[in-house]
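Trainee: Input structure: coords_8.txt, which contains compact mmCIF, C-alpha atoms.
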```txt
# COMPACT_ATOMS: atom_id res chain seq x y z
CA MET U 1 0.00 0.00 0.00
CA GLN U 2 1.44 3.33 -1.08
CA TYR U 3 -0.21 5.47 1.60
CA THR U 4 -2.00 4.53 4.78
CA PRO U 5 -5.62 5.75 4.91
CA ARG U 6 -4.54 8.57 7.24
CA THR U 7 -1.91 9.79 4.77
CA LEU U 8 -4.40 9.47 1.92
CA PHE U 9 -6.93 11.63 3.77
CA ALA U 10 -4.20 14.18 4.53
CA LEU U 11 -3.44 14.27 0.79
CA ILE U 12 -7.14 14.88 0.09
CA ASN U 13 -7.10 17.79 2.52
CA ALA U 14 -3.96 19.12 0.86
CA ASP U 15 -5.81 18.96 -2.48
CA LYS U 16 -3.28 16.56 -4.03
CA ARG U 17 -5.87 15.23 -6.45
CA GLU U 18 -3.66 13.24 -8.78
CA GLU U 19 -1.58 11.66 -5.98
CA VAL U 20 -4.82 10.57 -4.33
CA LEU U 21 -6.51 9.13 -7.38
CA THR U 22 -3.43 7.30 -8.66
CA ALA U 23 -2.76 5.78 -5.23
CA ASN U 24 -3.36 2.08 -4.72
CA THR U 25 -4.58 2.57 -1.13
CA MET U 26 -8.34 2.42 -1.77
CA TRP U 27 -7.92 -0.72 -3.86
CA TYR U 28 -6.71 -2.54 -0.75
CA CYS U 29 -9.97 -1.70 1.02
CA VAL U 30 -11.97 -4.92 1.53
CA SER U 31 -15.16 -3.06 2.54
CA CYS U 32 -15.16 -4.63 6.00
CA TYR U 33 -16.40 -1.37 7.57
CA LEU U 34 -14.30 -1.83 10.72
CA CYS U 35 -12.91 1.71 10.35
CA THR U 36 -16.39 3.13 9.72
CA THR U 37 -17.87 1.69 12.89
CA ARG U 38 -14.81 2.67 14.94
CA CYS U 39 -14.30 6.23 13.73
CA PRO U 40 -15.02 8.61 16.65
CA GLN U 41 -15.82 11.39 14.15
CA ASN U 42 -18.37 9.23 12.30
CA ILE U 43 -16.55 9.58 9.01
CA PRO U 44 -17.91 7.00 6.52
CA ILE U 45 -14.42 5.88 5.56
CA THR U 46 -15.47 2.82 3.55
CA GLU U 47 -17.92 4.91 1.49
CA ILE U 48 -15.15 7.46 0.86
CA MET U 49 -12.90 4.64 -0.36
CA TYR U 50 -15.69 3.57 -2.75
CA ALA U 51 -16.06 7.17 -3.96
CA LEU U 52 -12.29 7.38 -4.58
CA LYS U 53 -12.42 4.14 -6.54
CA ARG U 54 -15.25 5.56 -8.69
CA MET U 55 -13.38 8.82 -9.30
CA ALA U 56 -10.16 7.00 -10.15
CA ILE U 57 -11.95 4.78 -12.67
CA ARG U 58 -13.87 7.69 -14.21
CA GLU U 59 -10.70 9.75 -14.62
CA LYS U 60 -8.76 6.72 -15.87
CA LEU U 61 -6.18 7.11 -13.13
CA ALA U 62 -6.50 3.64 -11.63
CA LYS U 63 -3.44 1.97 -13.07
CA GLU U 64 -1.70 0.10 -10.27
CA THR U 65 -4.39 -2.51 -9.79
CA PRO U 66 -6.44 -5.09 -11.70
CA ALA U 67 -9.44 -4.31 -9.44
CA PRO U 68 -11.28 -2.11 -11.98
CA ALA U 69 -10.97 -4.91 -14.54
CA LEU U 70 -12.46 -7.38 -12.07
CA ALA U 71 -15.33 -5.00 -11.30
CA LYS U 72 -16.03 -4.41 -14.98
CA THR U 73 -15.90 -8.12 -15.87
CA PHE U 74 -18.21 -8.94 -12.97
CA THR U 75 -20.83 -6.31 -13.77
CA ASP U 76 -20.73 -6.88 -17.55
CA LEU U 77 -21.66 -10.50 -16.88
CA VAL U 78 -24.42 -9.43 -14.47
CA GLU U 79 -25.86 -7.23 -17.20
CA ARG U 80 -25.68 -10.08 -19.69
CA TYR U 81 -27.28 -12.76 -17.50
CA GLY U 82 -28.79 -11.03 -14.46
CA ARG U 83 -26.71 -13.25 -12.17
CA SER U 84 -23.08 -13.47 -11.23
CA TYR U 85 -21.15 -15.98 -13.36
CA GLU U 86 -18.11 -17.26 -11.48
CA PHE U 87 -16.65 -19.39 -14.24
CA GLY U 88 -16.95 -16.45 -16.63
CA ILE U 89 -15.14 -14.19 -14.19
CA ALA U 90 -12.40 -16.75 -13.67
CA THR U 91 -11.81 -17.20 -17.37
CA LEU U 92 -12.33 -13.67 -18.65
CA TYR U 93 -10.76 -11.70 -15.82
CA LEU U 94 -8.00 -13.99 -14.59
CA ALA U 95 -6.82 -15.19 -17.98
CA LEU U 96 -6.59 -11.65 -19.33
CA ASN U 97 -5.32 -9.85 -16.24
CA LYS U 98 -3.54 -12.40 -14.09
CA PRO U 99 -2.54 -15.39 -16.24
CA LEU U 100 -0.16 -16.71 -13.59
CA SER U 101 -2.93 -16.74 -10.99
CA ALA U 102 -5.21 -18.39 -13.54
CA LEU U 103 -2.72 -21.24 -13.81
CA LYS U 104 -2.40 -21.57 -10.04
CA MET U 105 -6.19 -21.59 -9.79
CA GLY U 106 -6.36 -24.62 -12.07
CA PRO U 107 -6.19 -27.39 -9.44
CA MET U 108 -8.54 -25.54 -7.11
CA GLY U 109 -10.99 -24.93 -9.93
CA LEU U 110 -10.90 -28.62 -10.74
CA SER U 111 -11.61 -29.57 -7.11
CA MET U 112 -14.50 -27.12 -7.03
CA PHE U 113 -15.83 -28.57 -10.26
CA THR U 114 -15.55 -32.14 -8.95
CA LYS U 115 -17.45 -31.14 -5.81
CA GLY U 116 -20.20 -29.64 -7.94
CA ARG U 117 -19.34 -26.12 -6.86
CA LEU U 118 -18.46 -24.62 -10.24
CA ASN U 119 -21.04 -24.14 -12.98
CA ILE U 120 -19.55 -24.04 -16.44
CA LEU U 121 -22.72 -22.45 -17.84
CA PRO U 122 -24.30 -19.24 -16.56
CA THR U 123 -27.81 -18.91 -15.13
CA LYS U 124 -29.94 -16.32 -16.85
CA ILE U 125 -32.92 -14.56 -15.33
CA ARG U 126 -36.19 -14.25 -17.31
CA ASN U 127 -36.49 -10.49 -17.20
CA VAL U 128 -32.93 -9.59 -18.04
CA ASP U 129 -34.25 -6.90 -20.40
CA GLN U 130 -35.99 -5.23 -17.49
CA LEU U 131 -32.73 -5.24 -15.51
CA ARG U 132 -30.86 -3.79 -18.49
CA ALA U 133 -33.46 -1.02 -18.90
CA ILE U 134 -32.99 -0.11 -15.23
CA VAL U 135 -29.18 -0.09 -15.57
CA GLU U 136 -29.36 1.95 -18.77
CA LYS U 137 -31.57 4.54 -17.11
CA ALA U 138 -29.19 4.75 -14.15
CA ARG U 139 -26.24 5.38 -16.47
CA GLU U 140 -28.26 7.99 -18.36
CA ILE U 141 -29.23 9.92 -15.21
CA GLY U 142 -25.68 9.57 -13.97
CA GLY U 143 -24.71 8.99 -10.42
CA VAL U 144 -21.06 8.16 -10.66
CA SER U 145 -19.92 9.67 -7.41
CA MET B 1 -43.54 -17.53 9.90
CA LYS B 2 -43.31 -16.58 6.25
CA TYR B 3 -40.54 -14.60 4.60
CA ALA B 4 -39.43 -13.67 1.11
CA TYR B 5 -36.12 -15.45 0.43
CA TYR B 6 -33.21 -14.01 -1.55
CA PRO B 7 -30.64 -16.81 -1.92
CA GLY B 8 -28.05 -14.82 -3.88
CA CYS B 9 -25.86 -16.11 -6.72
CA SER B 10 -23.33 -18.02 -4.60
CA LEU B 11 -26.02 -20.26 -3.20
CA GLU B 12 -26.94 -21.48 -6.68
CA CYS B 13 -23.72 -23.42 -7.03
CA ASN B 14 -20.51 -22.71 -5.10
CA ALA B 15 -22.45 -22.42 -1.82
CA ALA B 16 -25.10 -25.02 -2.67
CA ALA B 17 -24.45 -26.60 0.73
CA TYR B 18 -25.66 -23.37 2.33
CA ASP B 19 -28.85 -23.31 0.27
CA MET B 20 -29.57 -27.01 0.92
CA SER B 21 -29.05 -26.67 4.66
CA VAL B 22 -30.99 -23.38 4.87
CA ARG B 23 -34.01 -24.98 3.21
CA ALA B 24 -33.80 -28.19 5.23
CA VAL B 25 -33.45 -26.35 8.55
CA ALA B 26 -36.14 -23.78 7.70
CA ASP B 27 -38.54 -26.60 6.82
CA LEU B 28 -37.95 -28.34 10.11
CA LEU B 29 -38.32 -25.11 12.10
CA GLY B 30 -41.53 -24.10 10.35
CA ILE B 31 -39.96 -21.08 8.68
CA ARG B 32 -41.55 -20.64 5.25
CA LEU B 33 -39.10 -19.20 2.74
CA VAL B 34 -40.69 -18.01 -0.49
CA GLU B 35 -37.94 -17.52 -3.05
CA LEU B 36 -38.09 -14.16 -4.78
CA ASP B 37 -39.22 -14.84 -8.34
CA ASP B 38 -36.58 -13.91 -10.94
CA TRP B 39 -34.25 -12.13 -8.51
CA ASN B 40 -31.03 -10.62 -9.89
CA CYS B 41 -27.46 -10.42 -8.59
CA CYS B 42 -26.90 -7.80 -5.87
CA GLY B 43 -23.64 -6.77 -7.56
CA ALA B 44 -21.59 -7.59 -4.45
CA THR B 45 -19.03 -4.80 -4.05
CA GLU B 46 -18.36 -4.50 -7.78
CA TYR B 47 -20.96 -1.92 -8.82
CA PHE B 48 -20.25 0.35 -5.86
CA SER B 49 -16.68 0.83 -7.04
CA GLN B 50 -17.97 1.96 -10.44
CA ASP B 51 -21.29 3.79 -10.14
CA GLU B 52 -23.36 4.26 -7.01
CA LEU B 53 -26.69 4.84 -8.75
CA VAL B 54 -26.35 1.77 -10.96
CA ALA B 55 -25.35 -0.23 -7.86
CA CYS B 56 -28.45 0.87 -5.95
CA ALA B 57 -30.82 0.51 -8.90
CA VAL B 58 -29.69 -3.06 -9.54
CA ILE B 59 -30.20 -3.91 -5.87
CA ALA B 60 -33.53 -2.03 -5.64
CA ARG B 61 -35.03 -4.19 -8.40
CA ASN B 62 -34.98 -7.05 -5.91
CA LEU B 63 -36.69 -4.98 -3.23
CA ALA B 64 -39.32 -3.89 -5.76
CA ILE B 65 -40.26 -7.42 -6.80
CA VAL B 66 -40.89 -8.74 -3.28
CA ASP B 67 -44.42 -10.21 -3.10
CA PRO B 68 -46.70 -7.40 -1.81
CA GLN B 69 -48.11 -9.88 0.73
CA LEU B 70 -44.68 -10.22 2.37
CA ASP B 71 -42.87 -7.54 4.31
CA GLN B 72 -39.62 -9.25 5.29
CA LEU B 73 -36.80 -10.37 3.00
CA VAL B 74 -34.26 -12.89 4.27
CA ALA B 75 -30.75 -13.16 2.84
CA PRO B 76 -28.28 -15.85 3.94
CA CYS B 77 -25.30 -14.09 2.29
CA ALA B 78 -23.58 -11.26 4.12
CA ALA B 79 -22.91 -9.19 1.00
CA CYS B 80 -26.47 -9.54 -0.34
CA TYR B 81 -27.86 -8.74 3.10
CA LEU B 82 -25.78 -5.59 3.43
CA ASN B 83 -26.50 -4.40 -0.11
CA LEU B 84 -30.27 -4.86 0.20
CA LYS B 85 -30.38 -3.25 3.62
CA LYS B 86 -28.03 -0.41 2.74
CA THR B 87 -30.05 0.51 -0.37
CA ASP B 88 -33.35 0.47 1.51
CA LYS B 89 -31.81 2.71 4.18
CA LEU B 90 -30.30 5.09 1.64
CA MET B 91 -33.67 5.43 -0.09
CA ALA B 92 -35.38 6.14 3.23
CA GLU B 93 -32.86 8.77 4.28
CA ASN B 94 -31.91 10.45 1.02
CA PRO B 95 -34.89 11.83 -0.95
CA GLU B 96 -32.76 12.72 -3.97
CA MET B 97 -31.33 9.21 -4.31
CA ASN B 98 -34.76 7.77 -3.60
CA ALA B 99 -36.24 9.72 -6.52
CA LYS B 100 -33.37 8.78 -8.83
CA ILE B 101 -33.52 5.08 -7.94
CA ASN B 102 -37.27 5.04 -8.49
CA GLU B 103 -36.80 6.77 -11.84
CA CYS B 104 -34.46 3.92 -12.82
CA LEU B 105 -36.92 1.30 -11.56
CA ALA B 106 -39.69 2.99 -13.55
CA ALA B 107 -37.71 2.29 -16.72
CA GLY B 108 -38.35 -1.36 -15.87
CA GLY B 109 -41.97 -0.76 -14.90
CA LEU B 110 -41.24 -1.05 -11.18
CA ARG B 111 -41.31 1.12 -8.08
CA TYR B 112 -40.27 0.68 -4.47
CA ARG B 113 -41.38 2.54 -1.35
CA ALA B 114 -38.42 2.81 1.01
CA GLY B 115 -38.94 0.94 4.25
CA ARG B 116 -41.67 -1.34 2.88
CA VAL B 117 -39.51 -4.43 3.13
CA ARG B 118 -37.51 -5.25 6.23
CA VAL B 119 -34.23 -6.88 5.21
CA ARG B 120 -32.98 -9.56 7.62
CA HIS B 121 -30.00 -11.86 7.77
CA LEU B 122 -30.91 -15.50 8.27
CA LEU B 123 -28.90 -15.74 11.50
CA ASP B 124 -31.02 -12.95 12.98
CA VAL B 125 -34.25 -14.68 11.92
CA ILE B 126 -33.25 -18.01 13.44
CA TYR B 127 -31.87 -16.47 16.63
CA THR B 128 -34.54 -13.83 17.23
CA ASP B 129 -37.75 -15.14 15.70
CA LEU B 130 -37.30 -18.72 16.89
CA GLY B 131 -35.43 -18.14 20.13
CA GLU B 132 -33.83 -20.42 22.67
CA THR B 133 -36.78 -22.57 23.74
CA ALA B 134 -38.00 -23.37 20.23
CA LEU B 135 -34.48 -24.26 19.09
CA ARG B 136 -33.61 -26.38 22.13
CA ASP B 137 -36.86 -28.29 21.63
CA LYS B 138 -35.74 -29.45 18.20
CA VAL B 139 -32.37 -30.85 19.27
CA VAL B 140 -32.08 -34.60 18.85
CA ARG B 141 -28.28 -34.78 18.61
CA PRO B 142 -26.75 -32.37 21.10
CA LEU B 143 -23.45 -30.99 19.83
CA THR B 144 -21.73 -31.85 23.09
CA GLY B 145 -18.03 -32.50 22.62
CA LEU B 146 -17.67 -30.40 19.49
CA ARG B 147 -15.59 -27.21 19.72
CA VAL B 148 -16.91 -24.66 17.21
CA ALA B 149 -15.51 -21.28 16.22
CA PRO B 150 -18.40 -19.02 15.12
CA TYR B 151 -17.11 -16.73 12.40
CA TYR B 152 -19.19 -13.62 11.67
CA GLY B 153 -16.91 -11.78 9.26
CA CYS B 154 -17.72 -8.19 8.35
CA GLN B 155 -20.90 -7.44 6.58
CA VAL B 156 -23.42 -9.22 8.76
CA VAL B 157 -22.47 -7.11 11.75
CA ARG B 158 -21.22 -3.89 10.12
CA PRO B 159 -21.73 -1.05 9.37
CA LEU B 160 -25.47 -0.64 10.00
CA ASP B 161 -27.34 -0.83 13.27
CA GLY B 162 -27.68 -4.54 13.15
CA PHE B 163 -28.83 -7.30 15.39
CA ASP B 164 -25.46 -7.85 17.05
CA ASP B 165 -22.35 -6.06 18.27
CA THR B 166 -20.18 -4.69 15.45
CA GLU B 167 -16.89 -5.97 16.89
CA TYR B 168 -17.77 -8.60 19.45
CA PRO B 169 -20.89 -10.31 18.16
CA MET B 170 -22.39 -13.08 20.32
CA LYS B 171 -25.61 -14.30 18.69
CA MET B 172 -24.12 -17.30 16.92
CA ASP B 173 -22.08 -18.10 20.04
CA GLU B 174 -25.29 -18.21 22.08
CA LEU B 175 -27.13 -20.19 19.45
CA PHE B 176 -24.59 -22.99 19.45
CA THR B 177 -24.32 -22.99 23.23
CA TRP B 178 -28.07 -23.76 23.29
CA LEU B 179 -27.38 -26.74 21.04
CA GLY B 180 -24.74 -28.09 23.41
CA ALA B 181 -21.60 -27.18 21.47
CA GLU B 182 -18.51 -25.84 23.15
CA VAL B 183 -18.10 -22.38 21.66
CA VAL B 184 -14.60 -21.03 21.14
CA ASP B 185 -14.19 -17.40 22.18
CA TYR B 186 -11.44 -16.37 19.76
CA PRO B 187 -10.46 -12.76 19.05
CA VAL B 188 -10.87 -12.56 15.25
CA LYS B 189 -14.46 -13.68 14.84
CA ALA B 190 -15.54 -10.40 13.24
CA HIS B 191 -12.38 -9.79 11.20
CA CYS B 192 -12.40 -9.84 7.39
CA CYS B 193 -11.76 -12.96 5.24
CA GLY B 194 -10.33 -10.81 2.44
CA GLY B 195 -13.45 -10.76 0.29
CA HIS B 196 -12.63 -10.45 -3.40
CA GLN B 197 -8.96 -9.64 -2.73
CA THR B 198 -8.11 -13.28 -3.55
CA GLN B 199 -8.68 -12.16 -7.16
CA ILE B 200 -6.70 -8.92 -6.84
CA SER B 201 -3.91 -9.26 -4.32
CA GLU B 202 -3.21 -12.79 -3.15
CA PRO B 203 -0.58 -11.88 -0.51
CA GLN B 204 -3.08 -9.55 1.19
CA ALA B 205 -6.00 -11.99 0.99
CA PHE B 206 -3.96 -15.01 2.06
CA GLU B 207 -2.63 -13.19 5.14
CA LEU B 208 -6.19 -12.31 6.21
CA ILE B 209 -7.26 -15.94 5.72
CA ARG B 210 -4.17 -17.24 7.55
CA ARG B 211 -4.91 -15.08 10.62
CA LEU B 212 -8.40 -16.52 10.93
CA LEU B 213 -7.33 -20.13 10.52
CA ASP B 214 -4.38 -19.62 12.86
CA SER B 215 -6.54 -18.14 15.59
CA ALA B 216 -9.13 -20.93 15.34
CA VAL B 217 -6.33 -23.51 15.61
CA GLU B 218 -4.76 -21.69 18.56
CA TYR B 219 -8.08 -21.89 20.39
CA HIS B 220 -8.43 -25.61 19.54
CA ALA B 221 -11.53 -25.28 17.41
CA ASP B 222 -12.69 -28.43 15.60
CA LEU B 223 -14.31 -26.38 12.86
CA ILE B 224 -15.28 -22.86 11.82
CA LEU B 225 -18.91 -21.84 11.28
CA CYS B 226 -19.77 -19.33 8.55
CA VAL B 227 -22.72 -17.05 7.85
CA CYS B 228 -21.50 -15.97 4.40
CA PRO B 229 -20.58 -17.83 1.20
CA MET B 230 -17.61 -15.55 0.48
CA CYS B 231 -16.10 -16.33 3.88
CA GLN B 232 -16.65 -20.06 3.37
CA LEU B 233 -15.08 -19.93 -0.10
CA ASN B 234 -12.02 -18.04 1.08
CA LEU B 235 -11.41 -20.12 4.19
CA ASP B 236 -12.20 -23.50 2.65
CA ALA B 237 -11.36 -23.42 -1.06
CA TYR B 238 -8.27 -21.24 -0.63
CA GLN B 239 -6.97 -23.14 2.41
CA GLY B 240 -4.70 -25.27 0.21
CA ARG B 241 -3.30 -22.21 -1.55
CA VAL B 242 -2.75 -20.53 1.82
CA ASN B 243 -0.90 -23.62 3.05
CA SER B 244 1.44 -23.60 0.03
CA PHE B 245 1.95 -19.84 0.31
CA PHE B 246 2.95 -19.84 3.99
CA GLY B 247 4.21 -23.43 4.36
CA THR B 248 1.46 -24.08 6.89
CA ASP B 249 -0.56 -27.23 7.39
CA PHE B 250 -4.09 -26.09 8.14
CA LYS B 251 -6.81 -28.73 7.89
CA MET B 252 -9.67 -26.73 9.32
CA PRO B 253 -13.17 -27.70 8.16
CA ILE B 254 -15.34 -24.69 7.29
CA VAL B 255 -19.10 -25.24 7.34
CA TYR B 256 -22.22 -23.10 7.22
CA PHE B 257 -23.95 -22.54 10.55
CA THR B 258 -27.14 -24.03 9.10
CA GLN B 259 -25.32 -27.27 8.27
CA LEU B 260 -24.41 -27.80 11.91
CA LEU B 261 -27.87 -26.72 13.08
CA GLY B 262 -29.19 -29.44 10.80
CA VAL B 263 -26.88 -32.01 12.43
CA ALA B 264 -28.19 -31.06 15.87
CA PHE B 265 -31.76 -31.36 14.59
CA GLY B 266 -31.04 -34.85 13.25
CA ILE B 267 -31.27 -34.06 9.55
CA ASP B 268 -29.38 -36.42 7.21
CA MET B 269 -25.91 -34.98 6.52
CA ARG B 270 -26.32 -35.51 2.76
CA LYS B 271 -29.39 -33.28 2.76
CA LEU B 272 -27.30 -30.61 4.47
CA GLY B 273 -24.71 -30.51 1.70
CA PHE B 274 -21.86 -32.08 3.68
CA GLY B 275 -19.12 -33.34 1.39
CA LYS B 276 -19.08 -30.25 -0.79
CA GLU B 277 -16.44 -28.54 1.34
CA LEU B 278 -12.84 -29.08 0.17
CA VAL B 279 -11.56 -29.69 3.71
CA ARG B 280 -13.90 -32.45 4.82
CA ALA B 281 -15.98 -31.75 7.90
CA GLU B 282 -17.78 -35.05 8.33
CA PRO B 283 -14.91 -37.06 9.87
CA VAL B 284 -14.34 -34.58 12.71
CA ILE B 285 -18.08 -34.21 13.36
CA ARG B 286 -18.57 -37.98 13.42
CA ALA B 287 -15.54 -38.47 15.68
CA LYS B 288 -16.67 -35.90 18.21
CA LEU B 289 -20.37 -36.73 18.17
CA SER B 290 -20.08 -40.49 17.67
CA GLY B 291 -22.50 -41.51 20.39
CA ALA B 292 -25.12 -38.95 19.52
CA LEU B 293 -24.90 -39.53 15.74
CA ALA B 294 -25.34 -43.27 16.05
CA THR B 295 -28.80 -42.89 17.58
CA GLY B 296 -30.10 -40.11 15.37
CA THR B 297 -32.15 -41.57 12.55
CA LYS B 298 -34.44 -38.74 11.44
```
Take the structure I supplied and represent it as structure tokens, if you would.
Mentor:
Amino acid sequence: MQYTPRTLFALINADKREEVLTANTMWYCVSCYLCTTRCPQNIPITEIMYALKRMAIREKLAKETPAPALAKTFTDLVERYGRSYEFGIATLYLALNKPLSALKMGPMGLSMFTKGRLNILPTKIRNVDQLRAIVEKAREIGGVS
Amino acid sequence: MKYAYYPGCSLECNAAAYDMSVRAVADLLGIRLVELDDWNCCGATEYFSQDELVACAVIARNLAIVDPQLDQLVAPCAACYLNLKKTDKLMAENPEMNAKINECLAAGGLRYRAGRVRVRHLLDVIYTDLGETALRDKVVRPLTGLRVAPYYGCQVVRPLDGFDDTEYPMKMDELFTWLGAEVVDYPVKAHCCGGHQTQISEPQAFELIRRLLDSAVEYHADLILCVCPMCQLNLDAYQGRVNSFFGTDFKMPIVYFTQLLGVAFGIDMRKLGFGKELVRAEPVIRAKLSGALATGTK
């Protein structure tokens, strides 16, 4: 992690926009909300991390991490099928972004498959068009940050 | 007791054991779960890092399609639970977002009135709505002799005003004490499993997983109990990778809390999805509960 959350927030206060948005700090956030519930000033730290991720993606400054690629692969598949598609994520995201990890995942993927825990084919919802219309409208109105 | 049920994508396949055991246990307890017709993915954390309105609109579709006769929606997955609850709360508290989300829903011919549906996690429903007496009454195989480490993770207990303490939750501990198990009071029960970081930064994710496994071993737990499919996946399926990464030798079975509830209630272990976990749980359960298991025939 380049900066600790404290340093990152100090950089925000110092208006160091580019340093903040190119930092990898927020991409290490696992959204566990421990900081949010502990903060004595009630600062919604996790939500701020999400907002920084959104700004970094929008301004194309997120370069040090494959996380935006994972997010995009995940949500593209949701918009195609209406459900998450793990095998699709594993193949599309890992093979393109982390081929070495994809190889290491092989044996585990096989065990999961043998145990009946990995669907090769996606599940599709009936009203996927309705979901897409909702998503399209949301993108049109705009609510990025 | 009748609730709308949102299984979430994981329960369709990778966490099928969770879905099987949830349905079997709910049946036995008289909890009627009506699966939401044509529900969609909650987006996990992936939409929120791209577009907040899209994230909320996708989640709100599920709230909008809850049967008008039902006013409670139960989710067994921590991420689904948080997303559904967080969106409902945001809509109730933020009129601008509420209007925008409803405008999106309208594009799909739907609308949702904030606060109409009460979102609950399954653990809360079983603990609160059933309670100690009803649960004790159903026990045919007391879990005496089994040391369990209840693992809550993050998103069931944080960040919203939930049904348990945000850092030192106790509900699952109490639940399994009622069933006769010896509950391990270990310090990391509400720490993070790493979530999707296994896909992004393995060293970070593996260290978070290692800490949990290490602590459970240090406190002599026989197994870890989960309330979330992501936690189960990380702790169970990645345990081998964690072992190779750190040179450790963890063999800690990771099961869903409903699977062990089912054992205590005498439900056949096959119907509870045992055997789907990569680190097998059945041998340790059979070894510790041998006497009790031999007599249970339900």
Trainee: I'd like the interatomic distance between CA of Leu70 in chain B and CA of Lys2 in chain B, to a tenth of an Å.
Mentor: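 These two atoms are separated by 7.6 Å.
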Trainee: So what do you get for CA of Cys39 in chain U versus CA of Pro95 in chain B, distance-wise?
Mentor: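 So the two atoms, CA of Cys39 in chain U and CA of Pro95 in chain B, lie 25.9 Å apart.
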Trainee: Residues at most 10 Å from Phe245 in chain B, counting only C-alpha atoms, excluding those fewer than 6 positions away in the same chain, as a PyMOL selection string?
Mentor: chain B and resi 202-203+206-207+210+239
Trainee: Quick check: residues of chain U within 6 Å of chain B, only C-alpha atoms, returned as a PyMOL selection string.
Mentor: chain U and resi 32-33+37+50+53-54+67+71+82-84+115+117-118+125+130+133-135+137-138+143-144
Trainee: Work out how far CA of Glu86 in chain U is from CA of Gln232 in chain B, in Å to one decimal.
Mentor: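 It comes out at 15.2 Å.
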Trainee: Which residues, written as a list in words, have at least one atom at most 9 Å from Leu21 in chain U, with all atoms listed in the file counted and residues fewer than 4 positions away on the same chain left out?
Mentor: Lys16, Arg17, Met26, Leu52, Lys53, Met55, Ala56, Ile57, Glu59, Leu61 and Ala62 of chain U
Trainee: Create the file for the chosen residues now, containing C-alpha atoms and written as an mmCIF file, in the coordinates of the input.
Mentor:
```cif
data_model
loop_
_atom_site.group_PDB
_atom_site.id
_atom_site.type_symbol
_atom_site.label_atom_id
_atom_site.label_comp_id
_atom_site.auth_asym_id
_atom_site.auth_seq_id
_atom_site.Cartn_x
_atom_site.Cartn_y
_atom_site.Cartn_z
ATOM 1 C CA LYS U 16 -3.280 16.560 -4.030
ATOM 2 C CA ARG U 17 -5.870 15.230 -6.450
ATOM 3 C CA MET U 26 -8.340 2.420 -1.770
ATOM 4 C CA LEU U 52 -12.290 7.380 -4.580
ATOM 5 C CA LYS U 53 -12.420 4.140 -6.540
ATOM 6 C CA MET U 55 -13.380 8.820 -9.300
ATOM 7 C CA ALA U 56 -10.160 7.000 -10.150
ATOM 8 C CA ILE U 57 -11.950 4.780 -12.670
ATOM 9 C CA GLU U 59 -10.700 9.750 -14.620
ATOM 10 C CA LEU U 61 -6.180 7.110 -13.130
ATOM 11 C CA ALA U 62 -6.500 3.640 -11.630
#
```
Trainee: Using only C-alpha atoms for the distances, tell me which of B:Asp88, B:Glu174, B:Asp129, B:Glu96 is nearest to Ala26 in chain B.
Mentor: B:Asp129
Trainee: For each of U:Arg126, U:Leu94, U:Met108, U:Tyr3, take the minimum atom-to-atom distance to Leu70 in chain U, counting all atoms listed in the file, then give the residue where this is smallest.
Mentor: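 Ranked by minimum distance to Leu70 in chain U, first place goes to U:Leu94.
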Trainee: Return the padded bounding box of range 106-117 of chain U as AutoDock Vina command-line options: axis-aligned, built from all atoms listed in the file, 5 Å added on each side, with centre and edge lengths in Å to one decimal.
Mentor:
```
--center_x -13.2 --center_y -28.4 --center_z -8.9 --size_x 24.0 --size_y 17.5 --size_z 16.3
```
Trainee: Name the residues in contact with Arg80 in chain U at a cut-off of 10 Å, using all atoms listed in the file, excluding same-chain residues fewer than 4 positions from it; report them as number ranges by chain.
Mentor: U: 75-76, 84-85, 122, 124-125, 128-129, 131-132
Trainee: Could you write range 81-88 of chain U of the block just shown to a file containing N, CA and C atoms, as an mmCIF file, in the first residue's frame?
Mentor:
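Contents of part.cif, as written:
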```
data_model
loop_
_atom_site.group_PDB
_atom_site.id
_atom_site.type_symbol
_atom_site.label_atom_id
_atom_site.label_comp_id
_atom_site.auth_asym_id
_atom_site.auth_seq_id
_atom_site.Cartn_x
_atom_site.Cartn_y
_atom_site.Cartn_z
ATOM 1 N N TYR U 81 -26.480 -11.623 -17.977
ATOM 2 C CA TYR U 81 -27.284 -12.758 -17.504
ATOM 3 C C TYR U 81 -28.243 -12.426 -16.347
ATOM 4 N N GLY U 82 -27.962 -11.351 -15.621
ATOM 5 C CA GLY U 82 -28.785 -11.034 -14.457
ATOM 6 C C GLY U 82 -28.272 -11.681 -13.179
ATOM 7 N N ARG U 83 -27.317 -12.591 -13.344
ATOM 8 C CA ARG U 83 -26.714 -13.249 -12.175
ATOM 9 C C ARG U 83 -25.208 -13.207 -12.322
ATOM 10 N N SER U 84 -24.533 -13.395 -11.202
ATOM 11 C CA SER U 84 -23.080 -13.470 -11.234
ATOM 12 C C SER U 84 -22.678 -14.795 -11.894
ATOM 13 N N TYR U 85 -21.575 -14.783 -12.615
ATOM 14 C CA TYR U 85 -21.149 -15.976 -13.355
ATOM 15 C C TYR U 85 -19.678 -16.221 -13.043
ATOM 16 N N GLU U 86 -19.463 -17.067 -12.013
ATOM 17 C CA GLU U 86 -18.109 -17.257 -11.481
ATOM 18 C C GLU U 86 -17.115 -17.815 -12.503
ATOM 19 N N PHE U 87 -17.569 -18.788 -13.259
ATOM 20 C CA PHE U 87 -16.654 -19.393 -14.239
ATOM 21 C C PHE U 87 -16.260 -18.357 -15.298
ATOM 22 N N GLY U 88 -17.217 -17.518 -15.670
ATOM 23 C CA GLY U 88 -16.948 -16.451 -16.632
ATOM 24 C C GLY U 88 -15.942 -15.454 -16.087
#
```
